Amino acid sequence: MIKFLGACSQVLSVYIYLMPKIIFNTHDNKTHTVDIQNGLTVMEGAVQNDIPGIDADCGGGMACATCHVYVDEDWFQKLPQKDDGEEDMLDMAFEPKKNSRLSCQIIVSDELDGLVVNIPSKQS
Ligand code: FES
């Protein structure tokens, strides 16, 4: 039994090690690096890890903009395009910029390992 639990622990360690890391920079100059499972959204990973400034009031329904982030310039072009609904909601976000995205619309994948997002100061 102990051997089995040890093996499970090793498998879990490898699984967590292989999950994409997403980096959140908060307004207070703190950096939070979290492992987020493929298929979840960046917003879901933030909420699960208690990242300050991502309230996600609508639960990912693209109806609140409380998951607004500024995507690091190096990463912005690598993300899938925004659809019209996201663009409309970002117009209502606090100080949208050209690199603004709703984190509930960014689906985590291996290709996004190392993605850096900055949380607007208003959402602190
Ligand atoms: S969680 Fe509400 S728009 Fe993203």
# chains A, B, ... in the order shown; residues from 1 in each chain; ligands from 1
>>> residues_around(residues="stretch 49-53 of chain A", least_positions_apart="4", cutoff="8 Å", atoms="only C-alpha atoms", output="list in words")
Phe24, Thr26, His32, Val34, Gly45, Thr66, Cys67, Ile119, Pro120, Gln123 and Ser124 of chain A
>>> closest_atom_pairs(of="chain A", to="ligand 1", cutoff="10 Å", atoms="only C-alpha atoms and all ligand atoms", output="JSON lines")
{"residue": "A:Thr41", "atom": "CA", "partner": "ligand 1", "partner_atom_place_in_ligand_line": "4 (Fe)", "distance": 9.6}
{"residue": "A:Val42", "atom": "CA", "partner": "ligand 1", "partner_atom_place_in_ligand_line": "4 (Fe)", "distance": 9.7}
{"residue": "A:Met43", "atom": "CA", "partner": "ligand 1", "partner_atom_place_in_ligand_line": "1 (S)", "distance": 6.8}
{"residue": "A:Glu44", "atom": "CA", "partner": "ligand 1", "partner_atom_place_in_ligand_line": "1 (S)", "distance": 8.6}
{"residue": "A:Val47", "atom": "CA", "partner": "ligand 1", "partner_atom_place_in_ligand_line": "1 (S)", "distance": 9.9}
{"residue": "A:Ile54", "atom": "CA", "partner": "ligand 1", "partner_atom_place_in_ligand_line": "1 (S)", "distance": 8.1}
{"residue": "A:Asp55", "atom": "CA", "partner": "ligand 1", "partner_atom_place_in_ligand_line": "1 (S)", "distance": 7.3}
{"residue": "A:Ala56", "atom": "CA", "partner": "ligand 1", "partner_atom_place_in_ligand_line": "1 (S)", "distance": 3.6}
{"residue": "A:Asp57", "atom": "CA", "partner": "ligand 1", "partner_atom_place_in_ligand_line": "2 (Fe)", "distance": 5.4}
{"residue": "A:Cys58", "atom": "CA", "partner": "ligand 1", "partner_atom_place_in_ligand_line": "2 (Fe)", "distance": 4.2}
{"residue": "A:Gly59", "atom": "CA", "partner": "ligand 1", "partner_atom_place_in_ligand_line": "1 (S)", "distance": 4.7}
{"residue": "A:Gly60", "atom": "CA", "partner": "ligand 1", "partner_atom_place_in_ligand_line": "1 (S)", "distance": 3.7}
{"residue": "A:Gly61", "atom": "CA", "partner": "ligand 1", "partner_atom_place_in_ligand_line": "2 (Fe)", "distance": 5.4}
{"residue": "A:Met62", "atom": "CA", "partner": "ligand 1", "partner_atom_place_in_ligand_line": "3 (S)", "distance": 3.4}
{"residue": "A:Ala63", "atom": "CA", "partner": "ligand 1", "partner_atom_place_in_ligand_line": "3 (S)", "distance": 4.7}
{"residue": "A:Cys64", "atom": "CA", "partner": "ligand 1", "partner_atom_place_in_ligand_line": "2 (Fe)", "distance": 4.0}
{"residue": "A:Ala65", "atom": "CA", "partner": "ligand 1", "partner_atom_place_in_ligand_line": "3 (S)", "distance": 4.0}
{"residue": "A:Thr66", "atom": "CA", "partner": "ligand 1", "partner_atom_place_in_ligand_line": "2 (Fe)", "distance": 5.6}
{"residue": "A:Cys67", "atom": "CA", "partner": "ligand 1", "partner_atom_place_in_ligand_line": "4 (Fe)", "distance": 4.7}
{"residue": "A:His68", "atom": "CA", "partner": "ligand 1", "partner_atom_place_in_ligand_line": "4 (Fe)", "distance": 6.9}
{"residue": "A:Val69", "atom": "CA", "partner": "ligand 1", "partner_atom_place_in_ligand_line": "4 (Fe)", "distance": 9.8}
{"residue": "A:Gly85", "atom": "CA", "partner": "ligand 1", "partner_atom_place_in_ligand_line": "3 (S)", "distance": 9.8}
{"residue": "A:Glu86", "atom": "CA", "partner": "ligand 1", "partner_atom_place_in_ligand_line": "3 (S)", "distance": 7.8}
{"residue": "A:Met89", "atom": "CA", "partner": "ligand 1", "partner_atom_place_in_ligand_line": "3 (S)", "distance": 7.0}
{"residue": "A:Leu90", "atom": "CA", "partner": "ligand 1", "partner_atom_place_in_ligand_line": "3 (S)", "distance": 8.4}
{"residue": "A:Ala93", "atom": "CA", "partner": "ligand 1", "partner_atom_place_in_ligand_line": "3 (S)", "distance": 9.3}
{"residue": "A:Arg101", "atom": "CA", "partner": "ligand 1", "partner_atom_place_in_ligand_line": "4 (Fe)", "distance": 9.1}
{"residue": "A:Leu102", "atom": "CA", "partner": "ligand 1", "partner_atom_place_in_ligand_line": "4 (Fe)", "distance": 5.3}
{"residue": "A:Ser103", "atom": "CA", "partner": "ligand 1", "partner_atom_place_in_ligand_line": "4 (Fe)", "distance": 6.1}
{"residue": "A:Cys104", "atom": "CA", "partner": "ligand 1", "partner_atom_place_in_ligand_line": "4 (Fe)", "distance": 4.4}
{"residue": "A:Gln105", "atom": "CA", "partner": "ligand 1", "partner_atom_place_in_ligand_line": "4 (Fe)", "distance": 6.9}
{"residue": "A:Ile106", "atom": "CA", "partner": "ligand 1", "partner_atom_place_in_ligand_line": "4 (Fe)", "distance": 9.6}
>>> write_last_selection(atoms="N, CA and C atoms", output="CSV table (one decimal), in the first residue's frame")
chain,number,residue,atom,x,y,z
A,41,THR,N,-9.7,27.8,-18.2
A,41,THR,CA,-9.3,29.1,-18.7
A,41,THR,C,-8.4,29.8,-17.7
A,42,VAL,N,-7.7,30.8,-18.2
A,42,VAL,CA,-6.8,31.5,-17.3
A,42,VAL,C,-7.5,32.1,-16.1
A,43,MET,N,-8.8,32.5,-16.3
A,43,MET,CA,-9.6,33.0,-15.2
A,43,MET,C,-9.9,31.9,-14.2
A,44,GLU,N,-10.2,30.7,-14.7
A,44,GLU,CA,-10.5,29.6,-13.7
A,44,GLU,C,-9.2,29.3,-12.9
A,47,VAL,N,-8.8,32.0,-10.2
A,47,VAL,CA,-9.8,31.9,-9.1
A,47,VAL,C,-9.4,30.7,-8.2
A,54,ILE,N,-8.8,39.1,-9.8
A,54,ILE,CA,-9.7,38.4,-10.8
A,54,ILE,C,-10.9,37.9,-10.0
A,55,ASP,N,-12.0,38.7,-10.1
A,55,ASP,CA,-13.2,38.4,-9.4
A,55,ASP,C,-14.1,37.4,-10.2
A,56,ALA,N,-14.1,37.6,-11.5
A,56,ALA,CA,-14.9,36.7,-12.3
A,56,ALA,C,-16.3,36.6,-11.9
A,57,ASP,N,-17.0,37.7,-11.7
A,57,ASP,CA,-18.3,37.8,-11.2
A,57,ASP,C,-19.4,37.0,-12.0
A,58,CYS,N,-19.2,36.9,-13.3
A,58,CYS,CA,-20.2,36.2,-14.1
A,58,CYS,C,-19.8,34.8,-14.3
A,59,GLY,N,-18.7,34.3,-13.8
A,59,GLY,CA,-18.3,32.9,-13.9
A,59,GLY,C,-17.9,32.5,-15.3
A,60,GLY,N,-17.5,33.5,-16.1
A,60,GLY,CA,-17.0,33.1,-17.4
A,60,GLY,C,-18.0,33.3,-18.5
A,61,GLY,N,-19.1,34.0,-18.2
A,61,GLY,CA,-20.2,34.2,-19.2
A,61,GLY,C,-19.9,35.4,-20.1
A,62,MET,N,-18.8,36.0,-20.0
A,62,MET,CA,-18.5,37.2,-20.8
A,62,MET,C,-19.5,38.3,-20.6
A,63,ALA,N,-19.8,38.5,-19.3
A,63,ALA,CA,-20.8,39.5,-19.0
A,63,ALA,C,-20.4,40.5,-17.9
A,64,CYS,N,-19.1,40.5,-17.5
A,64,CYS,CA,-18.8,41.4,-16.3
A,64,CYS,C,-17.4,42.1,-16.5
A,65,ALA,N,-16.5,41.6,-17.2
A,65,ALA,CA,-15.2,42.1,-17.4
A,65,ALA,C,-14.3,42.2,-16.1
A,66,THR,N,-14.7,41.5,-15.0
A,66,THR,CA,-13.9,41.5,-13.8
A,66,THR,C,-12.8,40.5,-13.9
A,67,CYS,N,-12.6,39.9,-15.1
A,67,CYS,CA,-11.5,39.0,-15.3
A,67,CYS,C,-10.5,39.7,-16.3
A,68,HIS,N,-10.7,41.0,-16.5
A,68,HIS,CA,-9.8,41.7,-17.5
A,68,HIS,C,-8.3,41.6,-17.1
A,69,VAL,N,-7.5,41.3,-18.1
A,69,VAL,CA,-6.1,41.3,-17.9
A,69,VAL,C,-5.4,42.0,-19.1
A,85,GLY,N,-18.0,39.4,-29.2
A,85,GLY,CA,-18.5,39.5,-27.8
A,85,GLY,C,-17.5,39.9,-26.8
A,86,GLU,N,-16.3,39.4,-26.9
A,86,GLU,CA,-15.2,39.7,-26.0
A,86,GLU,C,-14.9,41.2,-26.2
A,89,MET,N,-17.4,43.5,-24.6
A,89,MET,CA,-17.3,43.5,-23.1
A,89,MET,C,-16.0,44.2,-22.7
A,90,LEU,N,-14.9,44.1,-23.5
A,90,LEU,CA,-13.7,44.8,-23.1
A,90,LEU,C,-13.9,46.4,-23.2
A,93,ALA,N,-14.7,47.5,-19.9
A,93,ALA,CA,-13.7,47.3,-18.8
A,93,ALA,C,-13.0,48.6,-18.5
A,101,ARG,N,-7.4,41.5,-22.7
A,101,ARG,CA,-8.2,40.3,-22.9
A,101,ARG,C,-9.1,40.0,-21.7
A,102,LEU,N,-10.1,39.2,-21.9
A,102,LEU,CA,-10.9,38.7,-20.8
A,102,LEU,C,-10.2,37.3,-20.5
A,103,SER,N,-9.7,37.2,-19.3
A,103,SER,CA,-9.0,35.9,-19.0
A,103,SER,C,-9.9,34.7,-19.1
A,104,CYS,N,-11.2,34.9,-19.0
A,104,CYS,CA,-12.2,33.8,-19.1
A,104,CYS,C,-12.3,33.3,-20.5
A,105,GLN,N,-11.7,34.0,-21.5
A,105,GLN,CA,-11.8,33.6,-22.9
A,105,GLN,C,-10.4,33.0,-23.4
A,106,ILE,N,-9.5,32.9,-22.5
A,106,ILE,CA,-8.1,32.3,-22.8
A,106,ILE,C,-8.1,30.9,-22.3
>>> select_by_dssp(residues="chain A", states="alpha helix (DSSP H)", output="JSON, numbers by chain")
{"A": [2, 3, 4, 5, 6, 7, 8, 9, 10, 11, 12, 13, 14, 15, 16, 17, 18, 42, 43, 44, 45, 46, 47, 48, 73, 74, 75, 76, 84, 85, 86, 87, 88, 89, 90]}
>>> select_by_dssp(residues="chain A", states="strand (DSSP E)", output="list in words")
Lys21, Ile22, Ile23, Phe24, Asn25, Thr31, His32, Thr33, Val34, Asp35, His68, Val69, Tyr70, Val71, Ser100, Arg101, Leu102, Leu115, Val116, Val117 and Asn118 of chain A
>>> write_last_selection(atoms="N, CA and C atoms", output="short mmCIF file (atom, residue, chain, number, x, y, z; two decimals), in the first residue's frame")
data_model
loop_
_atom_site.label_atom_id
_atom_site.label_comp_id
_atom_site.auth_asym_id
_atom_site.auth_seq_id
_atom_site.Cartn_x
_atom_site.Cartn_y
_atom_site.Cartn_z
N LYS A 21 2.52 26.77 -16.87
CA LYS A 21 2.64 27.79 -15.82
C LYS A 21 2.15 29.11 -16.39
N ILE A 22 1.27 29.76 -15.66
CA ILE A 22 0.76 31.07 -16.05
C ILE A 22 1.23 32.06 -14.99
N ILE A 23 1.72 33.19 -15.44
CA ILE A 23 2.31 34.17 -14.53
C ILE A 23 1.40 35.40 -14.46
N PHE A 24 0.97 35.70 -13.25
CA PHE A 24 0.10 36.86 -13.00
C PHE A 24 0.91 37.93 -12.27
N ASN A 25 0.93 39.12 -12.82
CA ASN A 25 1.55 40.26 -12.14
C ASN A 25 0.43 41.13 -11.59
N THR A 31 4.43 38.91 -8.19
CA THR A 31 4.29 37.94 -9.27
C THR A 31 3.80 36.62 -8.68
N HIS A 32 2.75 36.09 -9.30
CA HIS A 32 2.19 34.82 -8.86
C HIS A 32 2.29 33.85 -10.04
N THR A 33 3.06 32.80 -9.87
CA THR A 33 3.19 31.79 -10.92
C THR A 33 2.40 30.56 -10.49
N VAL A 34 1.42 30.19 -11.32
CA VAL A 34 0.57 29.06 -10.95
C VAL A 34 0.53 28.03 -12.07
N ASP A 35 0.37 26.79 -11.69
CA ASP A 35 0.19 25.69 -12.65
C ASP A 35 -1.29 25.55 -12.91
N HIS A 68 -10.65 40.96 -16.51
CA HIS A 68 -9.83 41.69 -17.49
C HIS A 68 -8.35 41.61 -17.12
N VAL A 69 -7.52 41.34 -18.12
CA VAL A 69 -6.07 41.34 -17.92
C VAL A 69 -5.41 42.04 -19.12
N TYR A 70 -4.20 42.53 -18.88
CA TYR A 70 -3.35 43.01 -19.96
C TYR A 70 -2.34 41.90 -20.24
N VAL A 71 -2.40 41.39 -21.45
CA VAL A 71 -1.49 40.30 -21.83
C VAL A 71 -0.14 40.90 -22.19
N SER A 100 -5.53 44.17 -24.12
CA SER A 100 -6.52 43.69 -23.15
C SER A 100 -7.16 42.39 -23.63
N ARG A 101 -7.44 41.52 -22.69
CA ARG A 101 -8.21 40.31 -22.95
C ARG A 101 -9.05 39.99 -21.72
N LEU A 102 -10.11 39.24 -21.95
CA LEU A 102 -10.85 38.66 -20.83
C LEU A 102 -10.19 37.31 -20.54
N LEU A 115 2.86 32.04 -20.18
CA LEU A 115 2.05 33.23 -20.48
C LEU A 115 2.10 34.20 -19.30
N VAL A 116 2.29 35.47 -19.62
CA VAL A 116 2.35 36.52 -18.60
C VAL A 116 1.17 37.45 -18.79
N VAL A 117 0.39 37.64 -17.73
CA VAL A 117 -0.72 38.60 -17.77
C VAL A 117 -0.57 39.56 -16.59
N ASN A 118 -0.98 40.79 -16.84
CA ASN A 118 -0.91 41.83 -15.81
C ASN A 118 -2.33 42.23 -15.44
#
>>> residues_around(residues="A:Met19", least_positions_apart="5", cutoff="10 Å", atoms="only C-alpha atoms", output="PyMOL selection string")
chain A and resi 14+34-38+108-110+113
>>> atom_distance(atom1="atom CA of A:Glu87", atom2="atom CA of A:Asn99")
11.3 Å
>>> atom_distance(atom1="atom CA of A:Leu79", atom2="atom CA of A:Glu111")
9.4 Å
>>> atom_distance(atom1="atom CA of A:Lys98", atom2="atom CA of A:His27")
18.5 Å
